[in-house]
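Raw input.txt, compact mmCIF, C-alpha atoms:
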# COMPACT_ATOMS: atom_id res chain seq x y z
CA MET B 38 38.52 79.92 -40.37
CA ALA B 39 39.70 76.81 -38.52
CA HIS B 40 42.29 76.08 -41.21
CA LEU B 41 44.18 79.23 -40.16
CA GLY B 42 45.55 77.26 -37.23
CA GLN B 43 47.39 75.10 -39.75
CA VAL B 44 48.83 78.21 -41.38
CA ALA B 45 50.01 79.72 -38.11
CA TYR B 46 51.15 76.48 -36.43
CA PRO B 47 52.12 74.21 -39.33
CA ASP B 48 53.06 70.99 -37.52
CA ALA B 49 51.19 71.51 -34.26
CA GLU B 50 48.31 69.47 -32.88
CA VAL B 51 45.02 70.73 -31.55
CA GLU B 52 44.97 70.40 -27.76
CA GLN B 53 41.74 72.17 -26.78
CA ILE B 54 38.62 73.50 -28.47
CA GLN B 55 35.95 75.68 -26.88
CA SER B 56 32.98 76.52 -29.04
CA MET B 57 29.58 78.10 -28.47
CA GLY B 58 26.92 79.37 -30.77
CA THR B 59 23.36 80.18 -31.71
CA ILE B 60 20.95 78.07 -33.74
CA LEU B 61 18.73 79.35 -36.55
CA ASN B 62 16.34 77.07 -38.41
CA GLY B 63 17.92 74.10 -36.71
CA VAL B 64 21.49 74.78 -37.76
CA ASP B 65 24.38 76.75 -36.29
CA GLN B 66 24.19 80.45 -37.17
CA THR B 67 26.73 82.43 -35.11
CA VAL B 68 29.63 80.38 -33.79
CA LEU B 69 32.47 81.56 -31.61
CA CYS B 70 35.49 79.31 -31.25
CA ASN B 71 38.74 79.22 -29.28
CA MET B 72 41.46 76.69 -29.98
CA MET B 73 44.81 75.90 -28.42
CA PHE B 74 47.58 74.19 -30.35
CA SER B 75 50.57 72.22 -29.08
CA ASN B 76 54.11 73.52 -29.37
CA GLY B 77 55.03 73.41 -33.03
CA SER B 78 58.59 73.26 -34.32
CA LEU B 79 58.36 76.94 -35.34
CA SER B 80 57.49 78.02 -31.82
CA PRO B 81 59.29 75.79 -29.31
CA GLY B 82 57.91 76.23 -25.82
CA GLN B 83 55.02 78.28 -27.12
CA LYS B 84 51.38 77.22 -27.30
CA GLY B 85 49.45 78.65 -30.22
CA MET B 86 45.97 80.12 -29.95
CA LEU B 87 43.23 80.67 -32.54
CA GLN B 88 40.05 82.69 -32.04
CA PHE B 89 37.38 83.19 -34.63
CA TYR B 90 33.69 83.61 -35.21
CA VAL B 91 31.50 82.85 -38.17
CA THR B 92 27.99 84.12 -38.67
CA GLY B 93 25.12 84.15 -41.09
CA SER B 94 23.56 87.19 -39.43
CA ALA B 95 25.86 89.85 -40.89
CA ASN B 96 28.33 90.55 -43.64
CA THR B 97 31.45 90.98 -41.52
CA GLU B 98 34.74 92.75 -42.14
CA GLU B 99 36.52 89.42 -42.51
CA ARG B 100 39.95 90.47 -41.35
CA VAL B 101 42.60 88.07 -40.08
CA THR B 102 45.35 89.05 -37.63
CA ILE B 103 48.25 86.73 -36.92
CA GLN B 104 50.04 88.04 -33.84
CA GLY B 105 53.63 86.98 -33.20
CA SER B 106 56.01 87.84 -30.38
CA LYS B 107 57.86 90.31 -32.63
CA GLY B 108 55.07 91.63 -34.81
CA ARG B 109 51.88 90.79 -36.64
CA ILE B 110 50.49 89.95 -40.05
CA VAL B 111 47.16 91.44 -41.08
CA LEU B 112 45.09 90.15 -43.97
CA ASP B 113 42.53 92.75 -44.91
CA GLY B 114 39.01 91.61 -45.72
CA PRO B 115 37.82 89.63 -47.47
CA ALA B 116 40.59 87.48 -46.02
CA HIS B 117 39.45 84.21 -47.56
CA VAL B 118 40.52 85.69 -50.92
CA PRO B 119 43.61 87.61 -49.69
CA SER B 120 45.36 90.09 -51.97
CA LYS B 121 47.23 92.23 -49.47
CA VAL B 122 49.56 91.16 -46.66
CA ARG B 123 50.46 93.86 -44.15
CA VAL B 124 53.34 93.11 -41.81
CA PHE B 125 53.82 95.17 -38.66
CA VAL B 126 57.16 94.63 -36.93
CA ASP B 127 57.13 95.53 -33.26
CA GLU B 128 59.29 98.48 -32.21
CA GLY B 129 58.03 98.90 -28.66
CA ARG B 130 54.58 99.42 -27.19
CA GLY B 131 52.39 101.26 -29.67
CA LYS B 132 55.21 101.47 -32.22
CA THR B 133 55.54 99.37 -35.34
CA SER B 134 57.06 99.58 -38.77
CA GLN B 135 54.78 98.50 -41.58
CA GLN B 136 55.49 96.67 -44.81
CA VAL B 137 52.77 96.03 -47.39
CA HIS B 138 52.93 93.17 -49.86
CA ASP B 139 50.38 93.34 -52.67
CA PHE B 140 49.23 90.30 -54.58
CA PRO B 141 46.56 91.61 -56.94
CA LEU B 142 44.14 88.96 -58.15
CA PRO B 143 44.16 88.09 -61.87
CA ASP B 144 42.26 90.41 -64.19
CA ASP B 145 38.73 89.09 -64.48
CA ALA B 146 37.17 91.93 -66.43
CA PHE B 147 36.52 89.57 -69.34
CA LEU B 148 34.27 87.38 -67.21
CA ALA B 149 30.69 87.87 -66.18
CA PRO B 150 30.22 89.45 -62.75
CA TRP B 151 30.75 87.07 -59.86
CA ASN B 152 28.30 86.31 -57.09
CA TYR B 153 31.04 86.82 -54.50
CA PRO B 154 34.22 88.89 -54.35
CA GLY B 155 37.59 87.45 -55.34
CA SER B 156 36.24 84.40 -57.09
CA ILE B 157 38.78 84.67 -59.91
CA GLY B 158 41.18 83.42 -57.21
CA PHE B 159 39.92 79.91 -57.88
CA THR B 160 42.39 79.96 -60.75
CA TYR B 161 45.29 79.67 -58.25
CA GLU B 162 43.95 76.37 -56.99
CA ILE B 163 43.12 75.17 -60.49
CA GLU B 164 46.64 75.91 -61.73
CA GLU B 165 48.24 74.09 -58.78
CA VAL B 166 46.02 71.07 -59.35
CA CYS B 167 47.06 71.01 -63.01
CA LYS B 168 50.74 71.18 -62.02
CA ALA B 169 50.29 68.40 -59.45
CA LEU B 170 48.59 66.17 -62.00
CA LYS B 171 51.36 66.74 -64.54
CA ARG B 172 53.95 65.79 -61.92
CA GLY B 173 51.94 62.71 -60.97
CA ASP B 174 51.41 63.92 -57.40
CA LYS B 175 48.43 62.59 -55.48
CA GLN B 176 48.18 65.51 -53.05
CA CYS B 177 48.83 69.24 -53.06
CA ALA B 178 51.36 70.52 -50.53
CA GLN B 179 49.21 73.59 -49.85
CA PHE B 180 46.45 71.43 -48.40
CA THR B 181 47.41 67.81 -47.81
CA TRP B 182 45.37 64.78 -46.76
CA ASP B 183 46.68 65.23 -43.24
CA HIS B 184 45.39 68.81 -43.30
CA SER B 185 41.94 67.53 -44.34
CA ILE B 186 41.86 64.98 -41.52
CA GLN B 187 43.00 67.49 -38.89
CA LEU B 188 40.45 70.03 -40.08
CA ALA B 189 37.65 67.46 -40.07
CA ALA B 190 38.47 66.66 -36.44
CA MET B 191 38.29 70.36 -35.54
CA ILE B 192 34.94 70.76 -37.29
CA ASP B 193 33.56 67.61 -35.63
CA GLU B 194 34.31 69.06 -32.22
CA ILE B 195 32.94 72.54 -33.06
CA ILE B 196 29.71 71.06 -34.39
CA LYS B 197 29.40 68.76 -31.37
CA GLN B 198 29.86 71.57 -28.88
CA THR B 199 27.81 74.13 -30.77
CA ARG B 200 24.80 72.21 -31.95
CA GLY B 201 24.60 69.33 -29.56
CA ASN B 202 22.58 66.37 -30.74
CA ALA B 203 19.23 67.80 -29.70
CA ALA B 204 19.53 70.87 -31.88
CA ILE B 205 19.95 69.04 -35.17
CA ASN B 206 16.26 68.57 -35.88
CA THR B 207 14.97 71.71 -34.25
CA VAL B 208 13.21 74.20 -36.48
CA ASN B 209 12.85 77.50 -34.72
CA GLY B 210 10.75 79.29 -37.31
CA GLY B 211 13.33 81.94 -37.95
CA GLU B 212 14.06 82.82 -34.34
CA GLU B 213 17.72 82.60 -33.45
CA LYS B 214 18.17 80.69 -30.21
CA VAL B 215 21.05 80.15 -27.88
CA CYS B 216 22.41 76.63 -27.92
CA ALA B 217 23.32 75.43 -24.43
CA MET Y 1433 33.37 58.97 -65.30
CA GLU Y 1434 34.48 56.69 -68.09
CA ASP Y 1435 35.37 59.51 -70.49
CA PRO Y 1436 39.17 59.42 -70.98
CA GLU Y 1437 39.04 63.09 -72.01
CA VAL Y 1438 38.08 64.08 -68.46
CA ASP Y 1439 41.31 64.99 -66.63
CA VAL Y 1440 39.88 65.89 -63.26
CA VAL Y 1441 36.49 66.10 -61.56
CA TYR Y 1442 35.36 68.96 -59.32
CA VAL Y 1443 32.63 67.96 -56.88
CA GLY Y 1444 30.65 71.10 -56.13
CA SER Y 1445 27.41 69.64 -54.85
CA ILE Y 1446 25.95 70.56 -51.50
CA ALA Y 1447 28.01 69.18 -48.69
CA ASP Y 1448 25.94 66.16 -47.70
CA GLN Y 1449 26.66 64.62 -51.12
CA HIS Y 1450 30.43 65.25 -51.07
CA ALA Y 1451 31.59 61.95 -49.60
CA LYS Y 1452 29.39 59.85 -51.87
CA MET Y 1453 30.22 61.71 -55.08
CA THR Y 1454 33.92 61.94 -54.31
CA LYS Y 1455 34.04 58.20 -53.64
CA MET Y 1456 32.37 57.56 -57.01
CA CYS Y 1457 34.99 59.67 -58.77
CA LEU Y 1458 37.89 58.02 -56.96
CA GLU Y 1459 36.48 54.56 -57.71
CA ALA Y 1460 36.51 55.53 -61.39
CA GLY Y 1461 40.16 56.49 -60.98
CA LYS Y 1462 39.52 60.17 -61.66
CA PRO Y 1463 41.65 62.82 -59.97
CA THR Y 1464 39.15 64.64 -57.80
CA VAL Y 1465 38.87 68.04 -56.18
CA CYS Y 1466 35.96 68.29 -53.74
CA GLU Y 1467 34.46 71.46 -52.42
CA LYS Y 1468 35.04 71.86 -48.70
CA PRO Y 1469 33.98 70.27 -46.45
CA LEU Y 1470 35.24 67.05 -48.01
CA THR Y 1471 32.82 65.12 -45.79
CA LEU Y 1472 30.70 65.86 -42.73
CA ASN Y 1473 32.89 64.02 -40.20
CA THR Y 1474 36.39 62.80 -39.48
CA LYS Y 1475 35.55 59.13 -39.99
CA ASP Y 1476 34.37 59.68 -43.59
CA THR Y 1477 37.34 61.94 -44.34
CA VAL Y 1478 39.79 59.31 -43.07
CA GLU Y 1479 38.07 56.68 -45.22
CA LEU Y 1480 38.23 58.78 -48.38
CA VAL Y 1481 41.88 59.65 -47.83
CA GLN Y 1482 42.69 55.99 -47.23
CA PHE Y 1483 40.87 55.04 -50.42
CA ALA Y 1484 42.81 57.63 -52.42
CA ARG Y 1485 46.07 56.42 -50.86
CA ASP Y 1486 45.34 52.73 -51.47
CA ASN Y 1487 44.27 53.34 -55.06
CA ASP Y 1488 46.90 55.96 -55.87
CA VAL Y 1489 44.38 58.57 -57.05
CA PHE Y 1490 44.74 62.34 -56.71
CA LEU Y 1491 42.43 63.84 -54.08
CA LEU Y 1492 42.18 67.42 -52.87
CA GLU Y 1493 39.74 69.13 -50.53
CA GLY Y 1494 39.20 72.50 -52.20
CA MET Y 1495 40.65 74.79 -49.56
CA TRP Y 1496 41.26 77.45 -52.19
CA THR Y 1497 42.43 80.19 -49.81
CA ARG Y 1498 45.61 78.22 -49.18
CA PHE Y 1499 46.55 78.49 -52.87
CA PHE Y 1500 46.56 82.29 -53.03
CA PRO Y 1501 50.02 83.89 -53.46
CA ALA Y 1502 49.27 86.06 -50.42
CA MET Y 1503 48.99 82.91 -48.29
CA ALA Y 1504 52.33 81.65 -49.60
CA LYS Y 1505 53.76 84.98 -48.44
CA VAL Y 1506 52.16 84.51 -45.01
CA ASN Y 1507 53.73 81.04 -44.75
CA GLY Y 1508 57.10 82.51 -45.65
CA ILE Y 1509 56.89 85.31 -43.09
CA ILE Y 1510 55.88 82.92 -40.33
CA SER Y 1511 58.60 80.36 -41.08
CA SER Y 1512 61.24 83.10 -41.39
CA GLY Y 1513 60.63 84.19 -37.81
CA GLU Y 1514 60.07 87.79 -38.92
CA ILE Y 1515 57.17 88.19 -36.49
CA GLY Y 1516 58.65 85.82 -33.89
CA ASN Y 1517 56.64 82.98 -32.42
CA VAL Y 1518 52.98 83.13 -33.34
CA ILE Y 1519 50.93 83.73 -30.20
CA ASN Y 1520 47.40 84.05 -31.50
CA VAL Y 1521 45.32 84.23 -34.65
CA GLN Y 1522 42.03 86.16 -34.73
CA GLY Y 1523 39.51 86.29 -37.52
CA ASP Y 1524 35.88 86.70 -38.45
CA PHE Y 1525 33.81 85.62 -41.40
CA GLY Y 1526 30.15 86.27 -41.95
CA TRP Y 1527 27.79 86.57 -44.87
CA TYR Y 1528 24.17 87.56 -44.41
CA ASN Y 1529 22.08 84.44 -44.92
CA VAL Y 1530 18.81 85.41 -43.22
CA ASP Y 1531 17.22 86.10 -46.63
CA CYS Y 1532 17.97 82.58 -47.84
CA PRO Y 1533 14.64 80.78 -48.24
CA PHE Y 1534 13.83 78.25 -45.56
CA PRO Y 1535 13.85 75.30 -45.77
CA GLU Y 1536 14.98 74.86 -49.37
CA ASP Y 1537 18.26 76.75 -49.29
CA ARG Y 1538 21.29 74.53 -48.72
CA ILE Y 1539 22.33 76.63 -45.71
CA TRP Y 1540 19.38 75.18 -43.73
CA ASN Y 1541 20.05 71.57 -44.70
CA PRO Y 1542 19.75 69.72 -41.37
CA SER Y 1543 22.76 67.50 -42.02
CA SER Y 1544 25.16 69.79 -43.90
CA GLY Y 1545 23.84 73.32 -43.40
CA GLY Y 1546 24.91 75.87 -40.81
CA MET Y 1547 27.76 78.31 -40.82
CA THR Y 1548 30.43 76.00 -39.40
CA TYR Y 1549 30.33 73.67 -42.39
CA ASP Y 1550 29.84 76.61 -44.74
CA ILE Y 1551 32.62 78.94 -43.64
CA GLY Y 1552 33.91 77.64 -40.33
CA MET Y 1553 36.38 75.92 -42.62
CA VAL Y 1554 36.53 78.89 -45.00
CA SER Y 1555 34.24 79.65 -47.98
CA PRO Y 1556 32.96 77.97 -51.14
CA LYS Y 1557 30.50 78.74 -53.89
CA ASP Y 1558 31.73 80.74 -56.86
CA ILE Y 1559 33.22 77.81 -58.73
CA PHE Y 1560 29.80 77.62 -60.35
CA SER Y 1561 30.45 80.98 -61.96
CA LEU Y 1562 33.58 79.55 -63.54
CA ILE Y 1563 31.61 76.53 -64.66
CA SER Y 1564 28.92 78.66 -66.23
CA SER Y 1565 31.49 80.66 -68.14
CA ASN Y 1566 31.70 78.37 -71.16
CA ASP Y 1567 34.73 79.92 -72.76
CA TYR Y 1568 36.96 79.70 -69.72
CA SER Y 1569 39.89 77.37 -70.31
CA LEU Y 1570 41.18 75.74 -67.14
CA SER Y 1571 44.80 75.57 -68.20
CA ASP Y 1572 47.06 74.81 -71.12
CA HIS Y 1573 46.52 71.07 -70.87
CA SER Y 1574 42.98 70.92 -69.60
CA LYS Y 1575 39.94 71.26 -71.79
CA TYR Y 1576 36.70 72.66 -70.53
CA ILE Y 1577 34.09 71.72 -68.01
CA ALA Y 1578 32.56 68.56 -69.46
CA ALA Y 1579 29.44 68.25 -67.37
CA VAL Y 1580 27.75 69.69 -64.35
CA HIS Y 1581 25.79 67.46 -62.03
CA GLY Y 1582 23.83 68.79 -59.12
CA ALA Y 1583 21.57 67.43 -56.45
CA SER Y 1584 18.88 69.12 -54.42
CA TRP Y 1585 18.47 67.92 -50.87
CA THR Y 1586 14.81 68.88 -50.70
CA SER Y 1587 13.71 67.37 -54.01
CA GLY Y 1588 16.20 64.51 -54.25
CA VAL Y 1589 16.68 65.45 -57.91
CA SER Y 1590 20.18 64.94 -59.23

Would you kindly transcribe this structure into structure tokens?
Amino acid sequence: MAHLGQVAYPDAEVEQIQSMGTILNGVDQTVLCNMMFSNGSLSPGQKGMLQFYVTGSANTEERVTIQGSKGRIVLDGPAHVPSKVRVFVDEGRGKTSQQVHDFPLPDDAFLAPWNYPGSIGFTYEIEEVCKALKRGDKQCAQFTWDHSIQLAAMIDEIIKQTRGNAAINTVNGGEEKVCA
Amino acid sequence: MEDPEVDVVYVGSIADQHAKMTKMCLEAGKPTVCEKPLTLNTKDTVELVQFARDNDVFLLEGMWTRFFPAMAKVNGIISSGEIGNVINVQGDFGWYNVDCPFPEDRIWNPSSGGMTYDIGMVSPKDIFSLISSNDYSLSDHSKYIAAVHGASWTSGVS
């Protein structure tokens, strides 16, 4: 989920992270996170926010909403394998016009059933890697080395705030506990 | 690693082995895609990226969601200004893990388990279904999956 900040605020930096969560079997189970990003070039004078939660205690809807000053983008669940982009353009309070862009995933009927939905979508990444290798590129523009480093820094901070050092080796015998 | 027929390596082990295995692949000069998270901390990620840069080897953290055509559309809408300045992004992601056996399931691994590493970044896993589908050709120039190596954190078996 944290990578969505890079999608919404492409050249911005992370300014603040607030994270809290519960611990199950010694590891983070339900984690709630708020982030604030610096002004990016797409939004001069505008801080960017990101709110998300992850959990192992439920299968969630997994919807993503990107709210802009003039409208919003909604990715219906499961949003980590998106196939539909709905765009709502603001026309006053409570009024929007809607456009739907469909990107159906490749036909995977010839393959064995997947463990998880949308897995045929791995082919998009595979194809881009093949193209990059043919061009002699060392990175993919969709997710660069700088993206990896920025994301790692976000995850470091979330883990630090959520688990704390003391929680790492705690086994709670299946009882979910609040991490201070 | 020394097989010239291998075009690219996908590291799909559990997360606490990612940095080590990815480094091995890069040292062998193999273009490498590693399941997210690439490593378990910023320091190791910076080191791997620097190694790839210094040795001019392809490296990608497998953030597969970013490669979907729908995400390219999202990028286009945002940069076009169609929805104005982005104010906030909200999302949720959960999969029910309480049935996963403790302690052997990777999700309870003390060093790399937990939901932040698993899906706080986004979500992994089904590449193994592609791997197990023997007749699936990766692309026009690639061959097939050459080998699958795995490691269990409880048994130490690779």

Mind dumping a table of every chain Y residue within 6 Å of chain B, with the nearest atom pair and its distance in Å to one decimal, using all atoms listed in the file, sorted by chain and rising number, as a tab-separated table?
residue	atom	partner	partner_atom	distance
Y:Asn1473	CA	B:Asp193	CA	5.8
Y:Thr1474	CA	B:Ala189	CA	4.9
Y:Val1489	CA	B:Lys175	CA	5.9
Y:Phe1490	CA	B:Lys175	CA	3.9
Y:Trp1496	CA	B:Glu162	CA	5.6
Y:Thr1497	CA	B:His117	CA	5.5
Y:Arg1498	CA	B:Gln179	CA	5.9
Y:Phe1499	CA	B:Glu162	CA	5.3
Y:Phe1500	CA	B:Tyr161	CA	6.0
Y:Ala1502	CA	B:Ser120	CA	5.8
Y:Ile1515	CA	B:Gly108	CA	4.4
Y:Gly1516	CA	B:Lys107	CA	4.7
Y:Asn1517	CA	B:Gly105	CA	5.1
Y:Val1518	CA	B:Gly105	CA	3.9
Y:Ile1519	CA	B:Gly105	CA	5.2
Y:Asn1520	CA	B:Met86	CA	4.5
Y:Val1521	CA	B:Ile103	CA	4.5
Y:Gln1522	CA	B:Gln88	CA	4.8
Y:Gly1523	CA	B:Val101	CA	4.4
Y:Asp1524	CA	B:Glu99	CA	4.9
Y:Phe1525	CA	B:Glu99	CA	4.8
Y:Gly1526	CA	B:Thr92	CA	4.5
Y:Trp1527	CA	B:Asn96	CA	4.2
Y:Tyr1528	CA	B:Ala95	CA	4.5
Y:Asn1529	CA	B:Gly93	CA	4.9
Y:Gly1546	CA	B:Asp65	CA	4.6
Y:Met1547	CA	B:Gln66	CA	5.5
Y:Gly1552	CA	B:Met38	CA	5.1
Y:Met1553	CA	B:Met38	CA	5.1
Y:Val1554	CA	B:Met38	CA	5.1
Y:Asp1558	CA	B:Ser156	CA	5.8

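Computed from the coordinates, the CA of Glu1536 (chain Y) to CA of Ser56 (chain B) distance equals 27.2 Å.
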
>> Give me the residues near region 1433-1442 of chain Y as a ChimeraX atom specification, where near means some atom within 6 Å (using all atoms listed in the file) and where sequence neighbours in that chain fewer than 2 positions away do not count.
In response: /Y:1462-1466

Since we have the selection now, will you write its residues out, keeping C-alpha atoms, as a PDB file, in the frame of the given file?
ATOM      1  CA  LYS Y1462      39.520  60.170 -61.660  1.00  0.00           C
ATOM      2  CA  PRO Y1463      41.650  62.820 -59.970  1.00  0.00           C
ATOM      3  CA  THR Y1464      39.150  64.640 -57.800  1.00  0.00           C
ATOM      4  CA  VAL Y1465      38.870  68.040 -56.180  1.00  0.00           C
ATOM      5  CA  CYS Y1466      35.960  68.290 -53.740  1.00  0.00           C
TER       6      CYS Y1466
END

> Suppose you want the space between CA of Ser75 (chain B) and CA of Asp48 (chain B); what is it in Å?
Replying inline: 8.9 Å

>> Can you measure CA of Asp1448 (chain Y) to CA of Asn1541 (chain Y) for me? One decimal in Å is fine.
In response: 8.5 Å

>> Taking all atoms listed in the file into account, name the residue in Y:Val1506, Y:Thr1454, Y:Thr1548, Y:Val1443 that is nearest to Asp1476 (chain Y).
In response: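 Nearest to Asp1476 (chain Y): Y:Thr1454.
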